[in-house]
$ cat protein_33.txt   # compact mmCIF, C-alpha atoms and all ligand atoms
# COMPACT_ATOMS: atom_id res chain seq x y z
CA MET A 1 -8.76 1.85 -20.05
CA ARG A 2 -8.83 5.07 -18.00
CA LEU A 3 -8.44 4.94 -14.23
CA HIS A 4 -9.77 7.95 -12.34
CA ALA A 5 -7.56 7.97 -9.27
CA TYR A 6 -5.78 10.00 -6.61
CA TYR A 7 -2.13 9.20 -5.99
CA ARG A 8 -2.44 8.63 -2.22
CA SER A 9 -5.85 6.93 -2.23
CA SER A 10 -5.47 3.36 -1.03
CA THR A 11 -8.43 2.12 -3.10
CA SER A 12 -6.90 3.63 -6.27
CA TYR A 13 -3.57 2.04 -5.32
CA ARG A 14 -5.28 -1.39 -5.10
CA VAL A 15 -6.56 -1.16 -8.66
CA ARG A 16 -3.28 0.18 -10.07
CA ILE A 17 -1.46 -2.85 -8.60
CA ALA A 18 -3.98 -5.27 -10.14
CA LEU A 19 -3.80 -3.60 -13.57
CA ASN A 20 0.00 -3.76 -13.44
CA LEU A 21 0.10 -7.39 -12.26
CA LYS A 22 -2.03 -8.24 -15.27
CA GLY A 23 0.15 -6.17 -17.60
CA LEU A 24 -2.83 -4.13 -18.84
CA ASP A 25 -2.47 -0.69 -20.46
CA TYR A 26 -4.29 2.18 -18.82
CA GLU A 27 -4.22 5.92 -18.54
CA ILE A 28 -4.42 7.68 -15.17
CA VAL A 29 -6.94 10.53 -14.89
CA PRO A 30 -6.06 12.34 -11.65
CA VAL A 31 -8.93 13.36 -9.34
CA ASN A 32 -7.87 15.92 -6.75
CA LEU A 33 -9.46 14.82 -3.46
CA LEU A 34 -7.96 17.79 -1.61
CA GLU A 35 -9.97 20.09 -3.87
CA ALA A 36 -13.07 17.86 -3.47
CA GLU A 37 -13.15 17.18 -7.21
CA GLN A 38 -14.77 13.80 -6.42
CA ARG A 39 -17.86 15.64 -5.12
CA GLY A 40 -18.24 17.86 -8.20
CA GLU A 41 -21.08 17.25 -10.64
CA ALA A 42 -18.80 16.05 -13.45
CA PHE A 43 -17.26 13.32 -11.35
CA ARG A 44 -20.53 12.30 -9.68
CA THR A 45 -22.03 11.74 -13.12
CA LEU A 46 -19.21 9.30 -13.72
CA ASN A 47 -19.35 7.69 -10.26
CA PRO A 48 -22.38 8.46 -8.05
CA PHE A 49 -20.45 7.13 -5.01
CA ALA A 50 -18.28 10.26 -5.37
CA GLY A 51 -15.01 8.52 -4.61
CA VAL A 52 -12.02 7.08 -6.41
CA PRO A 53 -11.28 4.81 -8.10
CA ALA A 54 -13.52 4.72 -11.14
CA LEU A 55 -12.42 2.63 -14.08
CA GLU A 56 -13.59 3.42 -17.62
CA ALA A 57 -13.42 0.28 -19.71
CA ASP A 58 -15.45 -1.48 -22.38
CA GLY A 59 -17.63 1.63 -22.82
CA ARG A 60 -18.81 1.92 -19.22
CA VAL A 61 -17.66 2.99 -15.78
CA TYR A 62 -16.84 0.59 -12.97
CA ALA A 63 -16.82 1.77 -9.33
CA GLN A 64 -15.99 0.20 -5.95
CA SER A 65 -12.43 -1.09 -5.82
CA MET A 66 -13.13 -4.65 -4.60
CA ALA A 67 -15.76 -5.16 -7.31
CA ILE A 68 -13.32 -3.69 -9.87
CA LEU A 69 -10.64 -6.18 -8.79
CA GLU A 70 -13.08 -9.08 -9.22
CA TRP A 71 -14.29 -7.75 -12.58
CA LEU A 72 -10.70 -7.34 -13.81
CA ASP A 73 -9.94 -10.91 -12.83
CA GLU A 74 -12.96 -12.24 -14.72
CA ARG A 75 -12.64 -9.95 -17.75
CA HIS A 76 -8.85 -10.45 -18.04
CA PRO A 77 -8.30 -13.92 -16.57
CA ASP A 78 -4.65 -14.20 -17.58
CA ARG A 79 -2.39 -13.89 -14.53
CA SER A 80 -5.23 -14.45 -12.06
CA LEU A 81 -5.29 -12.56 -8.78
CA LEU A 82 -6.54 -15.72 -7.07
CA PRO A 83 -4.77 -19.07 -6.57
CA SER A 84 -6.10 -22.17 -8.33
CA ASP A 85 -6.98 -24.17 -5.19
CA ILE A 86 -10.43 -23.41 -3.74
CA GLU A 87 -9.19 -23.39 -0.11
CA ASP A 88 -6.32 -21.05 -1.02
CA ARG A 89 -8.78 -18.81 -2.87
CA PHE A 90 -10.87 -18.68 0.29
CA VAL A 91 -7.86 -17.57 2.39
CA MET A 92 -6.91 -14.95 -0.22
CA ARG A 93 -10.44 -13.48 -0.10
CA GLU A 94 -10.74 -13.85 3.69
CA LEU A 95 -7.62 -11.78 4.38
CA ALA A 96 -8.24 -9.23 1.61
CA LEU A 97 -11.80 -8.62 2.80
CA ALA A 98 -10.70 -8.34 6.44
CA ILE A 99 -8.63 -5.33 5.42
CA ALA A 100 -11.11 -3.87 2.95
CA THR A 101 -14.14 -4.13 5.21
CA GLU A 102 -12.78 -3.83 8.77
CA LEU A 103 -9.94 -1.38 8.20
CA HIS A 104 -10.44 0.79 5.18
CA ALA A 105 -14.02 1.74 6.04
CA PRO A 106 -13.54 3.18 9.58
CA LEU A 107 -10.19 4.76 8.69
CA ASN A 108 -11.28 6.51 5.50
CA LEU A 109 -10.80 10.27 5.26
CA PRO A 110 -14.50 11.30 5.42
CA VAL A 111 -14.88 9.27 8.66
CA LEU A 112 -11.84 10.95 10.25
CA GLN A 113 -13.09 14.37 9.08
CA TYR A 114 -16.55 13.64 10.53
CA LEU A 115 -15.01 12.72 13.90
CA LYS A 116 -13.13 16.00 13.93
CA ARG A 117 -15.46 18.53 12.30
CA ASP A 118 -18.89 17.21 13.23
CA LEU A 119 -18.30 15.40 16.52
CA GLY A 120 -15.53 17.73 17.75
CA HIS A 121 -12.94 15.09 18.62
CA SER A 122 -9.32 16.18 19.12
CA GLN A 123 -6.49 14.96 16.89
CA ASP A 124 -5.25 12.80 19.82
CA GLU A 125 -8.64 11.09 20.08
CA ILE A 126 -8.72 10.54 16.33
CA ASP A 127 -5.21 9.06 16.40
CA THR A 128 -6.38 6.68 19.18
CA TRP A 129 -9.38 5.70 17.03
CA TYR A 130 -7.08 5.10 14.08
CA ARG A 131 -4.64 2.89 16.00
CA HIS A 132 -7.46 0.99 17.72
CA TRP A 133 -9.06 -0.18 14.46
CA LEU A 134 -5.74 -0.83 12.78
CA ALA A 135 -4.51 -3.06 15.64
CA LYS A 136 -7.87 -4.85 15.91
CA THR A 137 -7.44 -6.32 12.42
CA LEU A 138 -3.67 -6.25 11.82
CA VAL A 139 -2.83 -8.25 14.97
CA PRO A 140 -5.02 -11.26 14.07
CA LEU A 141 -3.97 -10.90 10.43
CA GLU A 142 -0.32 -11.28 11.44
CA ALA A 143 -1.23 -14.35 13.55
CA ARG A 144 -3.06 -15.82 10.55
CA LEU A 145 -0.02 -15.26 8.30
CA ALA A 146 2.24 -16.92 10.92
CA ALA A 147 -0.07 -19.95 11.14
CA LEU A 148 -0.18 -20.25 7.35
CA GLY A 149 3.63 -20.22 7.17
CA THR A 150 3.81 -17.59 4.42
CA GLY A 151 6.95 -16.69 2.47
CA ASP A 152 7.45 -13.54 0.41
CA PHE A 153 3.78 -13.56 -0.58
CA LEU A 154 0.61 -15.12 0.86
CA PHE A 155 0.91 -17.81 -1.82
CA ASP A 156 3.33 -18.28 -4.73
CA ALA A 157 2.69 -14.92 -6.40
CA PRO A 158 1.13 -11.64 -5.27
CA GLY A 159 -2.64 -11.49 -5.75
CA LEU A 160 -5.84 -10.02 -4.34
CA PHE A 161 -4.50 -9.99 -0.77
CA GLU A 162 -1.33 -8.10 -1.64
CA CYS A 163 -3.35 -5.62 -3.78
CA VAL A 164 -5.21 -4.66 -0.60
CA LEU A 165 -2.51 -5.12 2.05
CA ILE A 166 0.21 -2.91 0.57
CA PRO A 167 -1.95 0.24 0.22
CA GLN A 168 -3.27 -0.22 3.78
CA LEU A 169 0.27 -0.51 5.14
CA TYR A 170 1.28 2.60 3.17
CA ASN A 171 -1.61 4.37 4.89
CA ALA A 172 -0.66 2.97 8.33
CA ARG A 173 2.92 4.17 7.87
CA ARG A 174 1.69 7.65 6.88
CA PHE A 175 -0.24 7.82 10.14
CA GLY A 176 2.76 6.65 12.19
CA PHE A 177 1.46 3.18 13.12
CA ASP A 178 4.41 0.96 14.07
CA TYR A 179 4.03 -2.55 12.69
CA SER A 180 7.77 -3.38 12.65
CA ALA A 181 7.13 -6.20 15.18
CA MET A 182 4.91 -8.01 12.65
CA PRO A 183 7.54 -10.01 10.71
CA HIS A 184 5.20 -11.79 8.30
CA MET A 185 3.50 -8.63 7.18
CA THR A 186 6.73 -6.67 6.88
CA ARG A 187 8.38 -9.49 4.89
CA ILE A 188 5.49 -9.55 2.42
CA GLU A 189 5.56 -5.76 2.22
CA ALA A 190 9.31 -5.71 1.51
CA ALA A 191 8.95 -8.28 -1.29
CA CYS A 192 6.02 -6.42 -2.87
CA LEU A 193 7.73 -3.04 -2.74
CA LYS A 194 10.50 -4.48 -4.94
CA HIS A 195 8.06 -6.01 -7.44
CA PRO A 196 7.73 -3.94 -10.69
CA ALA A 197 3.89 -3.97 -10.61
CA PHE A 198 3.93 -2.48 -7.12
CA VAL A 199 6.72 -0.01 -7.90
CA LYS A 200 4.74 1.36 -10.87
CA ALA A 201 1.58 1.58 -8.71
CA HIS A 202 3.28 3.35 -5.78
CA PRO A 203 1.82 6.77 -4.89
CA ASP A 204 5.21 8.46 -5.42
CA ASN A 205 5.21 7.30 -9.04
CA GLN A 206 1.83 8.75 -10.03
CA PRO A 207 1.40 11.76 -12.32
CA ASP A 208 -0.43 13.74 -9.60
CA SER A 209 2.13 13.02 -6.88
CA PRO A 210 3.63 16.35 -5.75
CA GLY A 211 7.07 14.76 -6.07
CA LYS A 212 6.47 14.21 -9.81
CA ALA A 213 5.71 17.87 -10.63
N1 LIG B 1 -15.66 1.48 -1.02
C1 LIG B 1 -15.03 2.35 -1.96
C2 LIG B 1 -14.34 3.45 -1.20
C3 LIG B 1 -13.79 4.51 -2.12
C4 LIG B 1 -13.19 5.62 -1.30
O1 LIG B 1 -13.59 5.90 -0.17
N2 LIG B 1 -12.20 6.29 -1.88
C5 LIG B 1 -11.57 7.35 -1.18
C6 LIG B 1 -10.08 7.39 -1.44
S1 LIG B 1 -9.28 5.98 -0.76
C7 LIG B 1 -12.19 8.67 -1.63
O2 LIG B 1 -12.43 8.88 -2.81
N3 LIG B 1 -12.42 9.55 -0.66
C8 LIG B 1 -12.91 10.85 -0.90
C9 LIG B 1 -14.24 11.10 -0.26
O3 LIG B 1 -14.85 10.12 0.20
O4 LIG B 1 -14.67 12.25 -0.23
C10 LIG B 1 -14.02 1.56 -2.82
O5 LIG B 1 -13.51 0.55 -2.32
O6 LIG B 1 -13.77 1.93 -3.97
$ encode --input "protein_33.txt" --output "structure tokens"
Amino acid sequence: MRLHAYYRSSTSYRVRIALNLKGLDYEIVPVNLLEAEQRGEAFRTLNPFAGVPALEADGRVYAQSMAILEWLDERHPDRSLLPSDIEDRFVMRELALAIATELHAPLNLPVLQYLKRDLGHSQDEIDTWYRHWLAKTLVPLEARLAALGTGDFLFDAPGLFECVLIPQLYNARRFGFDYSAMPHMTRIEAACLKHPAFVKAHPDNQPDSPGKA
């Protein structure tokens, strides 16, 4: 498999974690978002959505990270990303989709660039926007984790939720959002960051990370 990815992209990070949790072999093909490579003709032919990740597997290209995670889980069912109990599976999806749909979308780079370049907002206003949407979902998420009585992971082993949470927290940290008062989330983050699948997937450990040059 070949994963077209950018080291700091949270959606690429999600898929790298899932591939590693499943112990699958793959090659990283770096796509330089800073040089807008994702909007070039060659990449758009591969993925018309013009964003990473794109996964080449089984002779075709898969786009959209949440759909890729589901496909991976069905195509390679060993070490499932979902728990066996239907109610637990619901919670796993509920929390993963809260992050993917309510957080990633309004905080994605093209949205922030549009606020600045097209609508003329200042960096302070954009930072306020960023923190507003982050808090709107992370605060109830933390309350949900507290009510569920989570340990190191949402359930026994990291799965779909952790694939989505850890990249979003990496992004929140980059933008200076303080979530240190959210003990359930920070405990899960600490456990994941020590897990080999997450270590291998970390942006600092990617071939296109500036630190790796
Ligand atoms: N909904 C898509 C979003 C993909 C996406 O927005 N990727 C970002 C990186 S996290 C990207 O390629 N941004 C560059 C751009 O949109 O120009 C997914 O989940 O795969």
$ residues_near_ligand --input "protein_33.txt" --ligand "ligand LIG 1 (chain B)" --cutoff "9 Å" --atoms "only C-alpha atoms and all ligand atoms" --output "number ranges by chain"
A: 5-6, 8-14, 31, 33-34, 36-39, 49-54, 63-68, 100-101, 104-105, 108-111
$ closest_residue --input "protein_33.txt" --among "A:Leu115, A:Leu95, A:Leu103, A:Met1" --to "Leu72 in chain A" --atoms "only C-alpha atoms"
A:Met1
$ residues_around --input "protein_33.txt" --residues "range 128-136 of chain A" --least-positions-apart "6" --cutoff "8 Å" --atoms "all atoms listed in the file" --output "ChimeraX atom specification"
/A:102-103,106-107,172,177
$ closest_residue --input "protein_33.txt" --among "A:Gly59, A:Thr137, A:Phe175, A:Arg89" --to "Gln123 in chain A" --atoms "only C-alpha atoms"
A:Phe175
$ atom_distance --input "protein_33.txt" --atom1 "CA of Arg174 in chain A" --atom2 "CA of His202 in chain A"
13.5 Å
$ atom_distance --input "protein_33.txt" --atom1 "CA of Tyr26 in chain A" --atom2 "CA of Pro203 in chain A"
15.9 Å
$ closest_residue --input "protein_33.txt" --among "A:Met92, A:Ile188, A:Leu81, A:Val61" --to "Lys22 in chain A" --atoms "only C-alpha atoms"
A:Leu81
$ closest_residue --input "protein_33.txt" --among "A:Gly159, A:Pro210, A:Gly40, A:Gly176" --to "Asn20 in chain A" --atoms "all atoms listed in the file"
A:Gly159
$ atom_distance --input "protein_33.txt" --atom1 "CA of Leu141 in chain A" --atom2 "CA of Ile86 in chain A"
20.0 Å
$ residues_around --input "protein_33.txt" --residues "Ala197 in chain A" --least-positions-apart "6" --cutoff "9 Å" --atoms "all atoms listed in the file" --output "MDAnalysis selection string"
chainID A and resid 16:23
$ residues_around --input "protein_33.txt" --residues "Ala147 in chain A" --least-positions-apart "6" --cutoff "12 Å" --atoms "all atoms listed in the file" --output "ChimeraX atom specification"
/A:91,140-141,154,184
$ write_last_selection --input "protein_33.txt" --atoms "C-alpha atoms" --output "compact mmCIF listing (two decimals), in the coordinates of the input"
# COMPACT_ATOMS: atom_id res chain seq x y z
CA VAL A 91 -7.86 -17.57 2.39
CA PRO A 140 -5.02 -11.26 14.07
CA LEU A 141 -3.97 -10.90 10.43
CA LEU A 154 0.61 -15.12 0.86
CA HIS A 184 5.20 -11.79 8.30
$ residues_near_point --input "protein_33.txt" --point "(1.0, -19.1, 3.0)" --cutoff "12 Å" --atoms "all atoms listed in the file" --output "ChimeraX atom specification"
/A:83,87-89,91-92,95,142-158,161,184-185,188
$ residues_around --input "protein_33.txt" --residues "Ile166 in chain A" --least-positions-apart "3" --cutoff "8 Å" --atoms "all atoms listed in the file" --output "MDAnalysis selection string"
chainID A and resid 162:163 169:170 189 192
$ closest_residue --input "protein_33.txt" --among "A:Val164, A:Tyr179, A:Leu24, A:Ala190" --to "Arg75 in chain A" --atoms "all atoms listed in the file"
A:Leu24
$ closest_residue --input "protein_33.txt" --among "A:Asp118, A:Glu70, A:Glu27, A:Glu56" --to "Pro207 in chain A" --atoms "only C-alpha atoms"
A:Glu27
$ decode --input "protein_33.txt" --residues "range 139-158 of chain A" --atoms "N, CA, C and O atoms" --output "short mmCIF file (atom, residue, chain, number, x, y, z; two decimals), in the first residue's frame"
data_model
loop_
_atom_site.label_atom_id
_atom_site.label_comp_id
_atom_site.auth_asym_id
_atom_site.auth_seq_id
_atom_site.Cartn_x
_atom_site.Cartn_y
_atom_site.Cartn_z
N VAL A 139 -14.99 20.24 25.29
CA VAL A 139 -15.54 20.29 26.65
C VAL A 139 -16.59 19.18 26.86
O VAL A 139 -16.46 18.39 27.79
N PRO A 140 -17.60 19.06 25.98
CA PRO A 140 -18.53 17.94 26.17
C PRO A 140 -17.88 16.57 25.96
O PRO A 140 -18.29 15.59 26.60
N LEU A 141 -16.87 16.51 25.12
CA LEU A 141 -16.17 15.23 24.93
C LEU A 141 -15.51 14.79 26.23
O LEU A 141 -15.61 13.62 26.63
N GLU A 142 -14.88 15.73 26.91
CA GLU A 142 -14.24 15.41 28.20
C GLU A 142 -15.30 14.95 29.21
O GLU A 142 -15.09 13.98 29.94
N ALA A 143 -16.45 15.61 29.22
CA ALA A 143 -17.53 15.23 30.14
C ALA A 143 -18.02 13.81 29.83
O ALA A 143 -18.32 13.01 30.72
N ARG A 144 -18.09 13.50 28.54
CA ARG A 144 -18.53 12.17 28.10
C ARG A 144 -17.52 11.11 28.57
O ARG A 144 -17.90 10.04 29.05
N LEU A 145 -16.23 11.41 28.43
CA LEU A 145 -15.19 10.46 28.86
C LEU A 145 -15.27 10.25 30.37
O LEU A 145 -15.13 9.13 30.86
N ALA A 146 -15.52 11.34 31.12
CA ALA A 146 -15.63 11.23 32.58
C ALA A 146 -16.81 10.33 32.94
O ALA A 146 -16.70 9.46 33.80
N ALA A 147 -17.95 10.54 32.27
CA ALA A 147 -19.15 9.75 32.59
C ALA A 147 -18.95 8.28 32.24
O ALA A 147 -19.49 7.39 32.90
N LEU A 148 -18.16 8.02 31.20
CA LEU A 148 -17.93 6.63 30.78
C LEU A 148 -16.92 5.93 31.68
O LEU A 148 -16.80 4.71 31.65
N GLY A 149 -16.16 6.72 32.47
CA GLY A 149 -15.17 6.13 33.37
C GLY A 149 -14.04 5.46 32.62
O GLY A 149 -13.69 4.30 32.88
N THR A 150 -13.45 6.19 31.66
CA THR A 150 -12.40 5.61 30.81
C THR A 150 -11.08 5.44 31.56
O THR A 150 -10.80 6.15 32.53
N GLY A 151 -10.26 4.52 31.08
CA GLY A 151 -8.91 4.33 31.62
C GLY A 151 -7.91 4.93 30.66
O GLY A 151 -8.06 6.08 30.23
N ASP A 152 -6.90 4.13 30.28
CA ASP A 152 -5.87 4.65 29.36
C ASP A 152 -6.41 4.87 27.95
O ASP A 152 -5.87 5.66 27.19
N PHE A 153 -7.45 4.10 27.61
CA PHE A 153 -8.06 4.24 26.29
C PHE A 153 -9.57 4.32 26.48
O PHE A 153 -10.07 4.07 27.58
N LEU A 154 -10.31 4.64 25.41
CA LEU A 154 -11.77 4.71 25.53
C LEU A 154 -12.31 3.35 25.97
O LEU A 154 -13.14 3.26 26.87
N PHE A 155 -11.81 2.28 25.33
CA PHE A 155 -12.14 0.92 25.77
C PHE A 155 -10.82 0.19 26.04
O PHE A 155 -9.84 0.84 26.37
N ASP A 156 -10.79 -1.12 25.86
CA ASP A 156 -9.60 -1.87 26.27
C ASP A 156 -8.35 -1.54 25.46
O ASP A 156 -7.23 -1.61 25.98
N ALA A 157 -8.53 -1.25 24.19
CA ALA A 157 -7.38 -1.01 23.31
C ALA A 157 -7.69 0.19 22.43
O ALA A 157 -8.86 0.48 22.17
N PRO A 158 -6.65 0.90 21.97
CA PRO A 158 -6.94 2.06 21.12
C PRO A 158 -7.62 1.65 19.82
O PRO A 158 -7.32 0.58 19.27
#
